[in-house]
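Everything on this sheet refers to the single structure shown next.
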Amino acid sequence: MQPLRIFSIIPKLPPALDPLWFLAHNYWFAWNNDIEDLFSDIDPELWLQSYKNPVWMLNHVPQERYDELAEDTYYKNRLSMQVESLSRYLAAPSPFKFEDVPAGQPAIAYFSLEFGVSLCLPIYSGGLGILAGDHLKSASDLNVPLVGIGLAYAQGYFRQYMTPDGWQQERYPDYDFEQMPMQIATTPSGEPAVVHLSIGDKPLAAQLWEAKVGRISLFLLDTNIAANPPEFRAITARLYGGNLEMRLWQEILLGIGGIKALHLLGLKAQVVHMNEGHSAFAGLERVRLLMKQDDLPFEVALEVAASGSIFTTHTPVPAGNDRFPPALMQQYFERYSKDMGLAFKVFLGLGREDPRNDNEEFCMTVLALKLSRFNNGVSLLHGKVSRKMWHKIWPQFPVVDVPIGAITNGTHAPTWVAPEMGSLYDRYLGSNWREDVDTPRVWRMAANIPDMEIWRTHEHRRARLVDFVRQRMYAQLLSRGARTKELQAVESILNPEALTIGFARRFATYKRARLIMQDMDGLKRVISDKNRPVQFVFAGKAHPQDNGGKQLMKEIINLCREPEFRNSMVFIEDYDMEIAAHLISGCDVWLNNPRRPLEACGTSGMKAMFNGVLQFSTLDGWWDEAWKSDNSLGWAIGKGEDYEDPGYQDQVELQTLYKVLESDIIPDFYERGRGTLPMAWVKRMKAALVEFGPRFHSNRMVQDYLDTAYIPACRNHQNLYRDNFAPARALSEWRMTIMTKWGELKVRDVETAKEDTLYVGQSVNVTARAYIADIPAEHVRLEIYVGQLGQDNTFANRKLLPMVPTGEPQDGWQTYRGTLDADEAGRFGFTVRAIPVHPLLPSSHSLGLVQWAE
């Protein structure tokens, strides 16, 4: 039997408390401790039970409690202060003026398959989603005109529990979006926003939800509505759930549906940022709409769309780059490609490294790279790895010239700094550390924090972590029906004064969670030392289909349960943002030992750093560019070498791990100088904050995107739009001409000084002749390509020096001249190259064209 009518019953807040709804419906509370305290003080147990969800909690607080608070003058004053603070925050004008972007309109749309904004918005799985959430928060703090686009998963990512033998199991709770800090999005006319698109030849509808993340709107597509058949309603059931076909459906919804959502909402974002390849269909839909709505040829539409697109790749692991068989793509995109006027083989070529290989699968990363003019990895090392990984797309270039740059990730400090540490920063750094204004100056003041204060604050966080672990372990054991004796033993788990090492992340095999356990004698030695005890806290999840990761986890859990280890090694189930917050602020050392170079960045260590936790990591991701060889900021595992034999790599780095742990880390922690203070340890804590605070804050990251991608992309996009796309048409025509004529271009007769030896400081003139035929000289750039040589006479690095044309072309030949400066000693070589240039082309490398001197 179905009800005749459905209605919601909500508590009636006294008028003085009604502003709580205003605070509850903006995720600003996720990085504002004062607002979180307002909700927690209503009912601390209910707050934790709600997963820190203020909307759910307000709907479940007894009316009597509201009546009490309505008479509490102190509480009402605190509420008024926070409402005023949020109102002032939201009303501040943006300092960024994007040309031709109307007031109130976003300049950038940020697409991601997952977002880690808050514990109570469970649409994230790990680092990629947390990074996306931090990106939105920093965009909000900096007041960047940006909106987010994602999916609303009815069951989110899985919740984890373990069988008695330690094997991961997954459960999927159903979430009620009406009980979350989000609301149905509406169109400009006030109607509920419902996007309509097609999956193959079948219609699909998606309801839009809006979540306020400070000043940023995050729009989430939801297919779990009555208009869809059951199989389509399941598209937004689970993050990373289902088979390959379901993944394709989700990515169609995110990319194509996301672009349609922007149009439906009247949002005219000129720049699209695709966070990982999952959203690459957004670039494709932009091209299609330009063709249909503006009557542009495919080549012109692609140039316009790509000029305003940014793509960030996050993984050097092949499994992290989605690929779909040609037959599956044909099933869902043959009609789409015909609608674009493309032969299906040409369409498939957009997602292939080699468009001529009919057997190659369609890769979302390749599609995103080809549909963007601004591509980047997420650390300097990852940028280098990505250029090598995707070299086949630009085979004419040396790897170093592949057009994939690097913007190192950052983490949102106000979200991840523990309240006690935040109060310490407020006193000695000022409130600017939260706003990230003039960061180098602000974080330099961390050196002024008294040693005793920062150490006592950290010790308090370690004790809090031990209490938290014991509570979680008690709950874990209770849920498995443990006996009284086992429950009582929880009180002896961990030592609040012992050196505590944390390892928490996704349990993928390349992250080598068991590395430290491959030397059991060493492990027993460090944890059994009564005078200098060491303990470990593990947490993490394996993908539901990753049995290798699950096996690693099982082995660790079973080891933690053995009598000689169970008080010094623990595994906490159901890793999420709450557990992460306790670990990154309560551990002394953050252990990270992925197999280099497979960790793209690794932002968990940054979060720990902001809490004074020291790093102990392989030289991969961000730590490769952050670590200093004197160990003044933390410690390295290995020397940053790449190995062909994984087994040998494990053996070498395992030896280094224990050597550094026993020779440096443990002695430094327990070497107490004045009173009970580990002077060298505290010095490192403060030095890391001074050095890393401004470098690895997500505000710096977003500012880098603004300077190197968002603002240039918006400018380029607008330039191509002008005069009814006349510049875009001209650029497309020029591109086709250059592609046709470039093969005729030749570079010859390179001349320079005859000496084989130069002295530092000496300059040498270089001349060359280029046959440019009827290509205008201003569209050809000659460069001296110079750098140190490796043992095989290839360039170990390179520098580009401009050459200028001299005189007039003669029979199609143009002479160029440049200067080579010998500014450092070594074994160097040079050559000369020609590349095409155009004032409307953001990167000359994007064409993949080059001619080298013969």
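Residues in the structure tokens are named by chain (A, B, ... in the order shown) and by number from 1 within that chain; ligands are numbered from 1 in the order shown.
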Expected answer as a ChimeraX atom specification: alpha helix (DSSP H) residues in segment 584-710 of chain A: /A:584-586,604-609,622-626,646-660,666-670,679-692,698-705
Within 6 Å of segment 121-138 of chain A using only C-alpha atoms, minus same-chain residues under 6 positions, as a PyMOL selection string: chain A and resi 114-115+156-157+412+699
Please produce a file of the residues just selected, as an mmCIF file, in the first residue's frame, where the atoms kept are N, CA and C atoms.
data_model
loop_
_atom_site.group_PDB
_atom_site.id
_atom_site.type_symbol
_atom_site.label_atom_id
_atom_site.label_comp_id
_atom_site.auth_asym_id
_atom_site.auth_seq_id
_atom_site.Cartn_x
_atom_site.Cartn_y
_atom_site.Cartn_z
ATOM 1 N N GLU A 114 34.523 12.439 -7.473
ATOM 2 C CA GLU A 114 34.351 12.376 -6.019
ATOM 3 C C GLU A 114 34.808 13.676 -5.377
ATOM 4 N N PHE A 115 34.189 14.007 -4.246
ATOM 5 C CA PHE A 115 34.530 15.206 -3.475
ATOM 6 C C PHE A 115 34.556 14.847 -1.993
ATOM 7 N N GLY A 156 27.076 6.177 -1.324
ATOM 8 C CA GLY A 156 28.438 6.678 -1.152
ATOM 9 C C GLY A 156 29.502 5.654 -1.489
ATOM 10 N N TYR A 157 30.631 5.770 -0.795
ATOM 11 C CA TYR A 157 31.666 4.742 -0.869
ATOM 12 C C TYR A 157 31.396 3.785 0.278
ATOM 13 N N HIS A 412 44.196 21.725 2.548
ATOM 14 C CA HIS A 412 43.523 22.871 3.146
ATOM 15 C C HIS A 412 43.769 22.878 4.659
ATOM 16 N N ASN A 699 45.671 26.711 -0.820
ATOM 17 C CA ASN A 699 45.503 28.064 -1.366
ATOM 18 C C ASN A 699 46.606 28.386 -2.369
#
Spatial neighbours of Ser198 of chain A, max dist 12 Å, only C-alpha atoms, sep filter under 3 positions, as a list in words: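 Contacts, with the query itself left out: Val195, Asp201, Lys202, Pro203, Leu204, Ala205, Ala206, Asn228, Phe232, Trp249, Ile252, Leu253, Ile256, Gly257, Lys260, Tyr332, Phe333, Arg335 and Tyr336 of chain A.
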Near-Gly586 of chain A list (9 Å; only C-alpha atoms; drop same-chain fewer than 4 positions) as a list in words: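 Close residues of Gly586 of chain A: His458, Glu459, His460, Arg461, Arg462, Ala463, Arg464, Leu465, Val466, Thr500, Gly502, Ala581, His582, Ala608, Asn611 and Val613 of chain A.
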What would the file look like if the residues just selected were written as a PDB file, in the first residue's frame with N, CA, C and O atoms?
ATOM      1  N   HIS A 458      51.379  18.923  21.130  1.00  0.00           N
ATOM      2  CA  HIS A 458      51.477  17.680  20.360  1.00  0.00           C
ATOM      3  C   HIS A 458      51.286  16.454  21.263  1.00  0.00           C
ATOM      4  O   HIS A 458      50.612  15.490  20.877  1.00  0.00           O
ATOM      5  N   GLU A 459      51.867  16.486  22.459  1.00  0.00           N
ATOM      6  CA  GLU A 459      51.699  15.350  23.368  1.00  0.00           C
ATOM      7  C   GLU A 459      50.220  15.151  23.731  1.00  0.00           C
ATOM      8  O   GLU A 459      49.750  14.017  23.851  1.00  0.00           O
ATOM      9  N   HIS A 460      49.517  16.275  23.883  1.00  0.00           N
ATOM     10  CA  HIS A 460      48.081  16.176  24.170  1.00  0.00           C
ATOM     11  C   HIS A 460      47.358  15.504  23.008  1.00  0.00           C
ATOM     12  O   HIS A 460      46.465  14.670  23.223  1.00  0.00           O
ATOM     13  N   ARG A 461      47.744  15.838  21.764  1.00  0.00           N
ATOM     14  CA  ARG A 461      47.101  15.218  20.602  1.00  0.00           C
ATOM     15  C   ARG A 461      47.428  13.720  20.539  1.00  0.00           C
ATOM     16  O   ARG A 461      46.576  12.917  20.162  1.00  0.00           O
ATOM     17  N   ARG A 462      48.644  13.346  20.917  1.00  0.00           N
ATOM     18  CA  ARG A 462      48.979  11.922  20.909  1.00  0.00           C
ATOM     19  C   ARG A 462      48.122  11.170  21.933  1.00  0.00           C
ATOM     20  O   ARG A 462      47.620  10.071  21.660  1.00  0.00           O
ATOM     21  N   ALA A 463      47.955  11.764  23.111  1.00  0.00           N
ATOM     22  CA  ALA A 463      47.107  11.134  24.126  1.00  0.00           C
ATOM     23  C   ALA A 463      45.661  11.023  23.643  1.00  0.00           C
ATOM     24  O   ALA A 463      44.978  10.013  23.891  1.00  0.00           O
ATOM     25  N   ARG A 464      45.194  12.064  22.938  1.00  0.00           N
ATOM     26  CA  ARG A 464      43.834  12.014  22.381  1.00  0.00           C
ATOM     27  C   ARG A 464      43.716  10.891  21.352  1.00  0.00           C
ATOM     28  O   ARG A 464      42.692  10.212  21.267  1.00  0.00           O
ATOM     29  N   LEU A 465      44.764  10.713  20.566  1.00  0.00           N
ATOM     30  CA  LEU A 465      44.752   9.635  19.571  1.00  0.00           C
ATOM     31  C   LEU A 465      44.662   8.276  20.259  1.00  0.00           C
ATOM     32  O   LEU A 465      43.881   7.404  19.836  1.00  0.00           O
ATOM     33  N   VAL A 466      45.435   8.078  21.313  1.00  0.00           N
ATOM     34  CA  VAL A 466      45.403   6.802  22.027  1.00  0.00           C
ATOM     35  C   VAL A 466      44.007   6.545  22.585  1.00  0.00           C
ATOM     36  O   VAL A 466      43.469   5.432  22.472  1.00  0.00           O
ATOM     37  N   THR A 500      54.978   7.195  18.185  1.00  0.00           N
ATOM     38  CA  THR A 500      53.835   6.638  17.458  1.00  0.00           C
ATOM     39  C   THR A 500      53.976   6.927  15.971  1.00  0.00           C
ATOM     40  O   THR A 500      54.107   8.081  15.558  1.00  0.00           O
ATOM     41  N   GLY A 502      52.324   6.473  12.185  1.00  0.00           N
ATOM     42  CA  GLY A 502      51.045   6.263  11.513  1.00  0.00           C
ATOM     43  C   GLY A 502      51.223   5.862  10.058  1.00  0.00           C
ATOM     44  O   GLY A 502      52.094   6.384   9.356  1.00  0.00           O
ATOM     45  N   ALA A 581      41.667  12.570  10.670  1.00  0.00           N
ATOM     46  CA  ALA A 581      41.933  13.769  11.464  1.00  0.00           C
ATOM     47  C   ALA A 581      42.650  13.429  12.771  1.00  0.00           C
ATOM     48  O   ALA A 581      43.543  14.170  13.215  1.00  0.00           O
ATOM     49  N   HIS A 582      42.294  12.317  13.395  1.00  0.00           N
ATOM     50  CA  HIS A 582      42.967  11.924  14.632  1.00  0.00           C
ATOM     51  C   HIS A 582      44.386  11.429  14.357  1.00  0.00           C
ATOM     52  O   HIS A 582      45.318  11.744  15.114  1.00  0.00           O
ATOM     53  N   ALA A 608      49.480  15.855   7.842  1.00  0.00           N
ATOM     54  CA  ALA A 608      50.207  15.565   9.074  1.00  0.00           C
ATOM     55  C   ALA A 608      51.225  16.659   9.377  1.00  0.00           C
ATOM     56  O   ALA A 608      51.394  17.080  10.530  1.00  0.00           O
ATOM     57  N   ASN A 611      50.237  19.600  11.298  1.00  0.00           N
ATOM     58  CA  ASN A 611      50.013  19.334  12.718  1.00  0.00           C
ATOM     59  C   ASN A 611      51.317  19.048  13.459  1.00  0.00           C
ATOM     60  O   ASN A 611      51.291  18.565  14.594  1.00  0.00           O
ATOM     61  N   VAL A 613      53.604  16.829  12.599  1.00  0.00           N
ATOM     62  CA  VAL A 613      54.028  15.431  12.466  1.00  0.00           C
ATOM     63  C   VAL A 613      55.132  15.357  11.417  1.00  0.00           C
ATOM     64  O   VAL A 613      55.000  15.918  10.326  1.00  0.00           O
TER      65      VAL A 613
END
Secondary structure check, strand (DSSP E or B) residues of segment 345-493 of chain A, as a ChimeraX atom specification: /A:362-363,374-377,405-406,411
All residues 8 Å or closer to Phe696 of chain A, only C-alpha atoms, same chain fewer than 5 positions away omitted, as a PyMOL selection string: chain A and resi 408-411+606+701
Keeping N, CA and C atoms, export the residues of the selection given above as a PDB file, in the first residue's frame.
ATOM      1  N   THR A 408      51.957  21.138  -8.071  1.00  0.00           N
ATOM      2  CA  THR A 408      51.977  20.259  -6.907  1.00  0.00           C
ATOM      3  C   THR A 408      50.751  20.509  -6.041  1.00  0.00           C
ATOM      4  N   ASN A 409      50.126  19.416  -5.624  1.00  0.00           N
ATOM      5  CA  ASN A 409      48.950  19.519  -4.767  1.00  0.00           C
ATOM      6  C   ASN A 409      49.264  20.243  -3.464  1.00  0.00           C
ATOM      7  N   GLY A 410      48.222  20.685  -2.830  1.00  0.00           N
ATOM      8  CA  GLY A 410      48.306  21.233  -1.480  1.00  0.00           C
ATOM      9  C   GLY A 410      47.138  20.701  -0.672  1.00  0.00           C
ATOM     10  N   THR A 411      47.127  20.996   0.599  1.00  0.00           N
ATOM     11  CA  THR A 411      46.030  20.555   1.453  1.00  0.00           C
ATOM     12  C   THR A 411      45.483  21.746   2.230  1.00  0.00           C
ATOM     13  N   MET A 606      51.119  15.885   3.900  1.00  0.00           N
ATOM     14  CA  MET A 606      50.998  17.340   4.057  1.00  0.00           C
ATOM     15  C   MET A 606      50.078  17.667   5.231  1.00  0.00           C
ATOM     16  N   MET A 701      48.123  26.132  -4.128  1.00  0.00           N
ATOM     17  CA  MET A 701      47.787  25.296  -5.285  1.00  0.00           C
ATOM     18  C   MET A 701      46.755  25.979  -6.178  1.00  0.00           C
TER      19      MET A 701
END
Neighbour list for segment 816-830 of chain A as a count of residues only, cut-off 10 Å, only C-alpha atoms, skip fewer than 3 positions in-chain: 45
Spatial neighbours of segment 521-535 of chain A, 7 Å, only C-alpha atoms, chain gap at least 4 places, as a ChimeraX atom specification: /A:494,498-501,517,568-569,670
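Minimum atom-to-atom distances from A:Gln168, A:Gly540, A:Leu264, A:Leu380 to Glu191 of chain A were compared using only C-alpha atoms, and the lowest value belongs to A:Leu264.
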Counting only C-alpha atoms, which residues of segment 140-175 of chain A fall within 10 Å of segment 84-98 of chain A, and what is the closest atom pair for each with its distance in Å at one decimal, ordered by chain and rising number, as a tab-separated table?
residue	atom	partner	partner_atom	distance
A:Ser140	CA	A:Leu90	CA	9.1
A:Asp141	CA	A:Tyr89	CA	8.6
A:Leu142	CA	A:Ser94	CA	7.8
A:Asn143	CA	A:Ser94	CA	5.0
A:Val144	CA	A:Ser94	CA	6.5
A:Pro145	CA	A:Ser94	CA	7.4
Best match for closeness to Ala107 of chain A among A:Arg729, A:Lys384, A:Arg695, A:Lys268, counting only C-alpha atoms: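 Checking each candidate against Ala107 of chain A, we get A:Lys268 as the closest.
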Residue nearest Asp546 of chain A among A:Gly166, A:Asp467, A:Met389, A:Phe507 (counting only C-alpha atoms):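 Nearest to Asp546 of chain A: A:Phe507.
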Nearest-residue call for Pro712 of chain A, choices A:Leu119, A:Ile310, A:Val147, A:Val469, using only C-alpha atoms: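 Result for the nearest residue to Pro712 of chain A: A:Ile310.
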Between atom CA of Asp37 of chain A and atom CA of Asp588 of chain A - distance in Å to one decimal: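 Distance reported for this atom pair: 26.4 Å.
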